[in-house]
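This is start-v6.pdb. It holds PDB, C-alpha atoms.
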```
ATOM      1  CA  MET A   1      75.222  -4.820   0.247
ATOM      2  CA  PRO A   2      73.197  -7.726  -1.197
ATOM      3  CA  ALA A   3      72.304  -7.793  -4.871
ATOM      4  CA  THR A   4      68.832  -6.683  -5.897
ATOM      5  CA  THR A   5      66.783  -9.258  -7.775
ATOM      6  CA  ARG A   6      64.298  -8.596 -10.564
ATOM      7  CA  SER A   7      61.418  -8.689  -8.074
ATOM      8  CA  ASP A   8      63.144  -5.980  -6.023
ATOM      9  CA  SER A   9      63.262  -3.321  -8.745
ATOM     10  CA  LEU A  10      64.163   0.159  -7.574
ATOM     11  CA  ASP A  11      62.271   3.425  -7.753
ATOM     12  CA  PHE A  12      65.506   5.453  -8.013
ATOM     13  CA  LEU A  13      69.025   4.436  -9.042
ATOM     14  CA  ALA A  14      71.704   7.114  -8.740
ATOM     15  CA  VAL A  15      74.878   6.387 -10.700
ATOM     16  CA  GLY A  16      78.154   8.153  -9.939
ATOM     17  CA  ALA A  17      81.599   7.849 -11.438
ATOM     18  CA  HIS A  18      83.193   7.494  -7.999
ATOM     19  CA  PRO A  19      82.112   6.677  -4.448
ATOM     20  CA  ASP A  20      80.852   9.963  -2.867
ATOM     21  CA  ASP A  21      79.759  11.592  -6.171
ATOM     22  CA  VAL A  22      76.129  10.681  -5.596
ATOM     23  CA  GLU A  23      76.017  11.897  -1.986
ATOM     24  CA  ILE A  24      77.523  15.258  -2.880
ATOM     25  CA  SER A  25      75.271  15.811  -5.898
ATOM     26  CA  CYS A  26      71.905  14.261  -5.056
ATOM     27  CA  GLY A  27      72.168  12.668  -1.617
ATOM     28  CA  GLY A  28      69.317  14.797  -0.331
ATOM     29  CA  THR A  29      66.981  13.593  -3.058
ATOM     30  CA  LEU A  30      67.794   9.962  -2.280
ATOM     31  CA  ALA A  31      67.282  10.527   1.447
ATOM     32  CA  LEU A  32      63.965  12.251   0.798
ATOM     33  CA  ALA A  33      62.791   9.447  -1.488
ATOM     34  CA  ALA A  34      63.747   6.815   1.100
ATOM     35  CA  SER A  35      61.947   8.761   3.854
ATOM     36  CA  GLN A  36      58.792   8.706   1.704
ATOM     37  CA  GLY A  37      58.902   4.918   1.385
ATOM     38  CA  LEU A  38      60.477   4.743  -2.089
ATOM     39  CA  SER A  39      63.288   2.290  -2.847
ATOM     40  CA  VAL A  40      66.619   3.830  -3.780
ATOM     41  CA  GLY A  41      69.982   2.419  -4.776
ATOM     42  CA  ILE A  42      73.452   3.663  -5.649
ATOM     43  CA  LEU A  43      75.753   2.372  -8.371
ATOM     44  CA  ASP A  44      79.390   3.508  -8.311
ATOM     45  CA  LEU A  45      81.024   2.950 -11.690
ATOM     46  CA  THR A  46      84.568   2.812 -10.255
ATOM     47  CA  ARG A  47      86.193   2.047  -6.924
ATOM     48  CA  GLY A  48      87.912   5.430  -6.857
ATOM     49  CA  GLU A  49      91.325   3.799  -6.963
ATOM     50  CA  LEU A  50      93.065   6.920  -8.302
ATOM     51  CA  ALA A  51      91.921   9.106  -5.409
ATOM     52  CA  THR A  52      94.623  11.095  -3.621
ATOM     53  CA  ASN A  53      93.450   9.765  -0.258
ATOM     54  CA  GLY A  54      91.885   6.511   0.890
ATOM     55  CA  THR A  55      92.197   2.972  -0.463
ATOM     56  CA  PRO A  56      89.445   1.306  -2.524
ATOM     57  CA  GLU A  57      88.708  -0.913   0.472
ATOM     58  CA  GLU A  58      88.315   2.071   2.801
ATOM     59  CA  ARG A  59      86.128   3.837   0.290
ATOM     60  CA  ALA A  60      83.891   0.800  -0.120
ATOM     61  CA  HIS A  61      83.363   0.663   3.645
ATOM     62  CA  GLU A  62      82.611   4.386   3.760
ATOM     63  CA  GLY A  63      80.208   4.035   0.840
ATOM     64  CA  ASP A  64      78.224   1.314   2.565
ATOM     65  CA  GLU A  65      77.910   3.429   5.704
ATOM     66  CA  SER A  66      76.834   6.438   3.669
ATOM     67  CA  ALA A  67      74.201   4.378   1.839
ATOM     68  CA  ARG A  68      72.871   3.183   5.203
ATOM     69  CA  ILE A  69      72.555   6.784   6.392
ATOM     70  CA  LEU A  70      70.628   7.744   3.256
ATOM     71  CA  GLY A  71      68.294   4.760   3.635
ATOM     72  CA  ALA A  72      69.342   3.150   0.355
ATOM     73  CA  ARG A  73      68.267  -0.425  -0.293
ATOM     74  CA  GLY A  74      71.662  -1.273  -1.730
ATOM     75  CA  ARG A  75      74.936  -0.022  -3.143
ATOM     76  CA  TRP A  76      76.821  -1.684  -5.982
ATOM     77  CA  ASN A  77      80.078  -1.164  -7.861
ATOM     78  CA  ALA A  78      80.582  -1.807 -11.575
ATOM     79  CA  GLY A  79      84.362  -2.138 -11.187
ATOM     80  CA  LEU A  80      85.160   0.058 -14.188
ATOM     81  CA  PRO A  81      88.554   1.813 -14.349
ATOM     82  CA  ASP A  82      88.925   5.057 -12.432
ATOM     83  CA  GLY A  83      90.270   7.642 -14.865
ATOM     84  CA  GLY A  84      89.296   5.436 -17.807
ATOM     85  CA  LEU A  85      85.530   5.623 -18.164
ATOM     86  CA  ASP A  86      84.666   5.490 -21.847
ATOM     87  CA  ALA A  87      81.249   5.408 -23.530
ATOM     88  CA  GLY A  88      82.958   4.002 -26.632
ATOM     89  CA  ASP A  89      84.216   0.923 -24.797
ATOM     90  CA  ALA A  90      81.862  -1.957 -25.636
ATOM     91  CA  GLY A  91      82.765  -3.839 -22.453
ATOM     92  CA  GLN A  92      81.986  -0.870 -20.210
ATOM     93  CA  VAL A  93      78.697  -0.293 -21.991
ATOM     94  CA  ALA A  94      77.755  -3.959 -21.606
ATOM     95  CA  GLU A  95      78.575  -3.913 -17.880
ATOM     96  CA  THR A  96      76.473  -0.801 -17.359
ATOM     97  CA  VAL A  97      73.559  -2.222 -19.343
ATOM     98  CA  ALA A  98      73.722  -5.375 -17.226
ATOM     99  CA  SER A  99      73.494  -3.279 -14.047
ATOM    100  CA  ILE A 100      70.481  -1.354 -15.334
ATOM    101  CA  ARG A 101      68.689  -4.543 -16.354
ATOM    102  CA  ARG A 102      69.453  -6.224 -13.047
ATOM    103  CA  LEU A 103      68.398  -3.312 -10.821
ATOM    104  CA  ARG A 104      65.464  -2.174 -13.014
ATOM    105  CA  PRO A 105      65.072   1.376 -11.686
ATOM    106  CA  ALA A 106      62.030   3.417 -12.648
ATOM    107  CA  ILE A 107      64.136   6.590 -12.545
ATOM    108  CA  LEU A 108      67.843   6.844 -13.370
ATOM    109  CA  LEU A 109      69.955   9.721 -11.993
ATOM    110  CA  THR A 110      73.482  10.447 -13.201
ATOM    111  CA  HIS A 111      76.035  13.144 -14.029
ATOM    112  CA  PHE A 112      75.287  16.160 -16.211
ATOM    113  CA  HIS A 113      77.252  16.111 -19.468
ATOM    114  CA  GLN A 114      79.317  19.217 -18.641
ATOM    115  CA  ASP A 115      81.781  19.026 -15.779
ATOM    116  CA  ARG A 116      85.358  19.723 -14.736
ATOM    117  CA  HIS A 117      86.140  16.052 -14.066
ATOM    118  CA  PRO A 118      86.562  13.997 -17.280
ATOM    119  CA  ASP A 119      85.201  10.877 -15.567
ATOM    120  CA  HIS A 120      81.970  12.726 -14.775
ATOM    121  CA  VAL A 121      81.597  13.741 -18.421
ATOM    122  CA  ALA A 122      82.378  10.190 -19.559
ATOM    123  CA  ALA A 123      79.961   8.717 -17.011
ATOM    124  CA  SER A 124      77.165  10.903 -18.365
ATOM    125  CA  ALA A 125      77.800   9.719 -21.924
ATOM    126  CA  LEU A 126      78.192   6.098 -20.808
ATOM    127  CA  LEU A 127      74.865   6.125 -18.934
ATOM    128  CA  ASP A 128      73.034   7.820 -21.787
ATOM    129  CA  ARG A 129      74.232   5.108 -24.165
ATOM    130  CA  ALA A 130      73.594   2.248 -21.746
ATOM    131  CA  TRP A 131      70.130   3.613 -20.847
ATOM    132  CA  TYR A 132      69.113   3.423 -24.497
ATOM    133  CA  LEU A 133      70.709   0.067 -25.321
ATOM    134  CA  ALA A 134      69.277  -1.548 -22.194
ATOM    135  CA  GLY A 135      65.833  -1.305 -23.783
ATOM    136  CA  LEU A 136      66.756  -3.096 -27.008
ATOM    137  CA  ARG A 137      65.786  -6.763 -26.987
ATOM    138  CA  ARG A 138      68.503  -7.691 -29.487
ATOM    139  CA  TYR A 139      71.290  -6.097 -27.470
ATOM    140  CA  ALA A 140      72.768  -8.765 -25.180
ATOM    141  CA  PRO A 141      69.635 -10.915 -25.673
ATOM    142  CA  GLU A 142      70.628 -13.313 -22.894
ATOM    143  CA  THR A 143      69.059 -10.845 -20.445
ATOM    144  CA  ALA A 144      65.616  -9.285 -20.675
ATOM    145  CA  PRO A 145      65.481  -5.733 -22.036
ATOM    146  CA  PHE A 146      64.625  -2.946 -19.603
ATOM    147  CA  ARG A 147      64.883   0.810 -19.951
ATOM    148  CA  PRO A 148      64.126   3.170 -17.037
ATOM    149  CA  ALA A 149      61.124   5.321 -17.865
ATOM    150  CA  MET A 150      62.986   8.513 -16.954
ATOM    151  CA  ARG A 151      66.592   9.631 -16.626
ATOM    152  CA  TYR A 152      67.701  12.907 -15.121
ATOM    153  CA  HIS A 153      71.113  14.500 -14.706
ATOM    154  CA  PHE A 154      72.449  15.962 -11.466
ATOM    155  CA  ALA A 155      75.005  18.737 -11.038
ATOM    156  CA  SER A 156      78.554  18.006  -9.913
ATOM    157  CA  ARG A 157      81.174  20.754 -10.282
ATOM    158  CA  VAL A 158      79.311  22.647 -13.025
ATOM    159  CA  GLY A 159      75.802  23.989 -12.501
ATOM    160  CA  PHE A 160      73.037  24.473 -15.059
ATOM    161  CA  ILE A 161      69.584  25.964 -15.523
ATOM    162  CA  PRO A 162      67.532  23.207 -13.892
ATOM    163  CA  SER A 163      64.491  21.495 -15.349
ATOM    164  CA  PHE A 164      63.292  20.979 -11.777
ATOM    165  CA  ILE A 165      64.611  21.366  -8.225
ATOM    166  CA  VAL A 166      63.948  19.023  -5.315
ATOM    167  CA  ASP A 167      63.363  20.656  -1.924
ATOM    168  CA  VAL A 168      65.722  18.715   0.373
ATOM    169  CA  THR A 169      65.447  21.002   3.390
ATOM    170  CA  GLU A 170      63.987  18.394   5.721
ATOM    171  CA  VAL A 171      66.759  15.874   4.970
ATOM    172  CA  TRP A 172      69.700  18.276   4.770
ATOM    173  CA  ASP A 173      71.320  16.924   7.936
ATOM    174  CA  THR A 174      71.033  13.376   6.548
ATOM    175  CA  LYS A 175      72.779  14.428   3.337
ATOM    176  CA  ARG A 176      75.510  16.129   5.348
ATOM    177  CA  ARG A 177      76.109  13.036   7.493
ATOM    178  CA  ALA A 178      76.216  10.856   4.375
ATOM    179  CA  ILE A 179      78.920  13.070   2.871
ATOM    180  CA  LEU A 180      80.912  13.045   6.110
ATOM    181  CA  ALA A 181      80.813   9.233   6.114
ATOM    182  CA  HIS A 182      83.394   9.478   3.296
ATOM    183  CA  ALA A 183      85.961  10.518   5.872
ATOM    184  CA  THR A 184      89.060   9.676   3.822
ATOM    185  CA  GLN A 185      87.855  12.084   1.145
ATOM    186  CA  VAL A 186      86.298  15.017   3.020
ATOM    187  CA  THR A 187      88.492  15.253   6.138
ATOM    188  CA  ARG A 188      92.203  15.414   6.850
ATOM    189  CA  ALA A 189      92.001  13.175   9.882
ATOM    190  CA  GLY A 190      94.376  10.530   8.545
ATOM    191  CA  ALA A 191      98.060  10.855   9.348
ATOM    192  CA  ASP A 192      98.961  10.605   5.643
ATOM    193  CA  ALA A 193      96.082  12.716   4.319
ATOM    194  CA  ARG A 194      97.020  15.019   1.446
ATOM    195  CA  PRO A 195      95.143  18.306   0.888
ATOM    196  CA  THR A 196      92.523  18.267  -1.881
ATOM    197  CA  PRO A 197      89.522  20.459  -2.782
ATOM    198  CA  LEU A 198      87.278  17.838  -1.137
ATOM    199  CA  ASN A 199      88.940  18.026   2.282
ATOM    200  CA  ALA A 200      89.392  21.803   2.358
ATOM    201  CA  ASP A 201      87.968  23.477   5.456
ATOM    202  CA  ASP A 202      85.202  25.185   3.479
ATOM    203  CA  PHE A 203      84.129  22.217   1.338
ATOM    204  CA  LEU A 204      80.823  21.575   3.102
ATOM    205  CA  ASP A 205      80.184  25.314   3.183
ATOM    206  CA  ARG A 206      80.461  25.370  -0.612
ATOM    207  CA  ILE A 207      78.078  22.425  -0.945
ATOM    208  CA  GLU A 208      75.619  24.190   1.336
ATOM    209  CA  SER A 209      75.986  27.463  -0.562
ATOM    210  CA  ARG A 210      75.046  25.774  -3.823
ATOM    211  CA  ALA A 211      72.052  24.083  -2.218
ATOM    212  CA  ARG A 212      70.934  27.416  -0.755
ATOM    213  CA  TYR A 213      71.225  28.992  -4.214
ATOM    214  CA  TYR A 214      69.060  26.379  -5.907
ATOM    215  CA  GLY A 215      66.697  26.166  -2.949
ATOM    216  CA  GLY A 216      66.162  29.912  -3.143
ATOM    217  CA  MET A 217      64.888  29.528  -6.687
ATOM    218  CA  ILE A 218      61.851  27.625  -5.376
ATOM    219  CA  GLY A 219      61.422  29.345  -2.020
ATOM    220  CA  ALA A 220      63.102  26.536  -0.073
ATOM    221  CA  ARG A 221      66.131  26.603   2.204
ATOM    222  CA  TYR A 222      67.983  23.824   0.373
ATOM    223  CA  GLY A 223      67.465  22.423  -3.119
ATOM    224  CA  GLU A 224      69.085  19.950  -5.508
ATOM    225  CA  PRO A 225      68.850  20.687  -9.257
ATOM    226  CA  PHE A 226      68.171  18.215 -12.051
ATOM    227  CA  HIS A 227      68.272  18.491 -15.822
ATOM    228  CA  SER A 228      65.977  16.609 -18.182
ATOM    229  CA  SER A 229      66.962  16.129 -21.814
ATOM    230  CA  GLU A 230      63.308  15.502 -22.723
ATOM    231  CA  PRO A 231      60.147  17.491 -21.908
ATOM    232  CA  LEU A 232      58.543  16.645 -18.578
ATOM    233  CA  GLY A 233      54.950  15.471 -18.942
ATOM    234  CA  VAL A 234      52.217  16.308 -16.439
ATOM    235  CA  ARG A 235      49.085  14.223 -15.911
ATOM    236  CA  SER A 236      47.910  15.361 -12.475
ATOM    237  CA  LEU A 237      47.737  19.134 -12.036
ATOM    238  CA  ASP A 238      47.570  18.846  -8.240
ATOM    239  CA  GLY A 239      51.350  18.504  -8.260
ATOM    240  CA  LEU A 240      51.758  21.851  -9.982
ATOM    241  CA  LEU A 241      49.464  23.590  -7.518
ATOM    242  CA  SER A 242      51.359  22.250  -4.494
ATOM    243  CA  ALA A 243      54.896  22.640  -5.884
ATOM    244  CA  PRO A 244      57.261  24.890  -3.899
ATOM    245  CA  ARG A 245      57.780  28.312  -5.431
ATOM    246  CA  THR A 246      59.587  31.523  -4.643
ATOM    247  CA  PRO A 247      57.415  34.067  -2.784
ATOM    248  CA  PRO A 248      56.852  37.285  -4.774
ATOM    249  CA  GLY A 249      59.630  39.781  -4.196
ATOM    250  CA  SER A 250      62.051  37.278  -2.662
ATOM    251  CA  PHE A 251      65.002  38.574  -4.641
ATOM    252  CA  THR A 252      63.880  42.131  -5.360
ATOM    253  CA  GLY A 253      62.653  43.318  -1.959
TER     254      GLY A 253
END
```

Once you've parsed the file, please lay out its structure as structure tokens.
Amino acid sequence: MPATTRSDSLDFLAVGAHPDDVEISCGGTLALAASQGLSVGILDLTRGELATNGTPEERAHEGDESARILGARGRWNAGLPDGGLDAGDAGQVAETVASIRRLRPAILLTHFHQDRHPDHVAASALLDRAWYLAGLRRYAPETAPFRPAMRYHFASRVGFIPSFIVDVTEVWDTKRRAILAHATQVTRAGADARPTPLNADDFLDRIESRARYYGGMIGARYGEPFHSSEPLGVRSLDGLLSAPRTPPGSFTG
């Protein structure tokens, strides 16, 4: 997809360690934002070259199709090493800062800091560091400083008590189709496909079960959770009055 210029700054940028991480974790939120006229983008930190199935080229093609389904304005790849993400690597930090400054998202979404996959944990730390440094004018002064106003963490393998939950019921089918676009990862259609947790028969059922769990917390069919490391400020109280909530007695009868 074409590069985004400074004049094309994004409303949301979701950053995943590997192609398909974003769709699985917060694809519904991106689809919902796009359906409401907001600009969204996806940044994959690696090409997923260590994946059991699929080549980097196949995964790039699948990622572009998935981004199209979600309505994303663009999808980019930082080209960092799969299995080697490191927040202490100055080069990786600089590359991530450059992406943030180029894409200029108002809201940054990325991995929660606890997860089973070490790349997800490292990606969370890398984005937290890059988010901060991107706003310093004396860090890499050849490009203008820019720090997204907000950054939130999405859930991958490990859940958490959410700071807020997005009702993604109306775009659930879009999220599902975006995940299925990563066919080399979530199906065993290829002649040489090896079994993994991602292409198990019940994988999408497990994704749906988690979304039903979080959706139930707010009285919605499907929900995606997010964690904020800072307090969430409220200026307009209309949003609180219209927010989805669990009907009384939903869990107790």

Go through stretch 12-104 of chain A residue by residue and, counting all atoms listed in the file, keep those with an atom at most 10 Å from stretch 122-134 of chain A; for each kept residue give the shortest atom pair and its distance in Å to one decimal, ordered by chain and increasing number, as CSV.
```
residue,atom,partner,partner_atom,distance
A:Val15,CA,A:Leu127,CA,8.2
A:Gly16,CA,A:Ala123,CA,7.3
A:Ala17,CA,A:Ala123,CA,5.9
A:His18,CA,A:Ala123,CA,9.7
A:Leu45,CA,A:Ala123,CA,7.9
A:Gly83,CA,A:Ala122,CA,9.5
A:Gly84,CA,A:Ala122,CA,8.6
A:Leu85,CA,A:Ala122,CA,5.7
A:Asp86,CA,A:Ala122,CA,5.7
A:Ala87,CA,A:Leu126,CA,4.2
A:Gly88,CA,A:Leu126,CA,7.8
A:Asp89,CA,A:Leu126,CA,8.9
A:Gln92,CA,A:Leu126,CA,8.0
A:Val93,CA,A:Ala130,CA,5.7
A:Ala94,CA,A:Ala130,CA,7.5
A:Glu95,CA,A:Ala130,CA,8.8
A:Thr96,CA,A:Ala130,CA,6.1
A:Val97,CA,A:Ala130,CA,5.1
A:Ala98,CA,A:Ala134,CA,7.7
A:Ser99,CA,A:Ala134,CA,9.3
A:Ile100,CA,A:Ala134,CA,7.0
A:Arg101,CA,A:Ala134,CA,6.6
A:Arg104,CA,A:Ala134,CA,10.0
```

Between atom CA of A:Leu32 and atom CA of A:Thr174, distance in Å (one decimal): 9.2 Å

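Take the candidates A:Met217, A:Asp64, A:Gly91, A:Leu108 and check each one against A:Asp11 using all atoms listed in the file; the shortest distance goes to A:Leu108.
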
Answer key for the PyMOL selection byres ((chain A and resi 65-69) around 12), residues as a PyMOL selection string: chain A and resi 1+14+19-24+27-28+30-32+34-35+40-44+58-64+70-76+171-183

Radius query 9 Å about (74.3, 22.4, -12.2), atoms used: all atoms listed in the file, as a PyMOL selection string: chain A and resi 112+114-115+153-162+224-227

Separation of atom CA of A:Arg47 from atom CA of A:Ser209, in Å and rounded to one decimal: 28.1 Å

Output the residue selection produced by the PyMOL selection byres ((chain A and resi 192-206) around 10) on the file above, formatted as a compact mmCIF listing (two decimals) with C-alpha atoms, in the coordinates of the input.
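Heads up, here's the output in expr_36.txt:
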```txt
# COMPACT_ATOMS: atom_id res chain seq x y z
CA ILE A 24 77.52 15.26 -2.88
CA ALA A 51 91.92 9.11 -5.41
CA THR A 52 94.62 11.10 -3.62
CA ASN A 53 93.45 9.76 -0.26
CA GLY A 54 91.88 6.51 0.89
CA ARG A 176 75.51 16.13 5.35
CA ILE A 179 78.92 13.07 2.87
CA LEU A 180 80.91 13.04 6.11
CA ALA A 183 85.96 10.52 5.87
CA THR A 184 89.06 9.68 3.82
CA GLN A 185 87.86 12.08 1.14
CA VAL A 186 86.30 15.02 3.02
CA THR A 187 88.49 15.25 6.14
CA ARG A 188 92.20 15.41 6.85
CA ALA A 189 92.00 13.18 9.88
CA GLY A 190 94.38 10.53 8.54
CA ALA A 191 98.06 10.86 9.35
CA ILE A 207 78.08 22.42 -0.94
CA GLU A 208 75.62 24.19 1.34
CA SER A 209 75.99 27.46 -0.56
CA ARG A 210 75.05 25.77 -3.82
CA ALA A 211 72.05 24.08 -2.22
CA ARG A 212 70.93 27.42 -0.76
```

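For the pair atom CA of A:Gly135 and atom CA of A:Asp119, the separation is 24.3 Å.
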
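Across A:Thr143, A:Glu57, A:Ile218, A:Phe12, the tightest approach to A:Ser242 is made by A:Ile218 when counting all atoms listed in the file.
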
Option closest in space to A:Pro145, from A:Arg102, A:Pro118, A:Glu170, A:Ser163 [counting all atoms listed in the file]: A:Arg102

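Of the residues under consideration (A:Thr46, A:Tyr222, A:Leu13, A:Pro141), A:Thr46 shows the shortest atom-to-atom contact distance to A:His120 when counting all atoms listed in the file.
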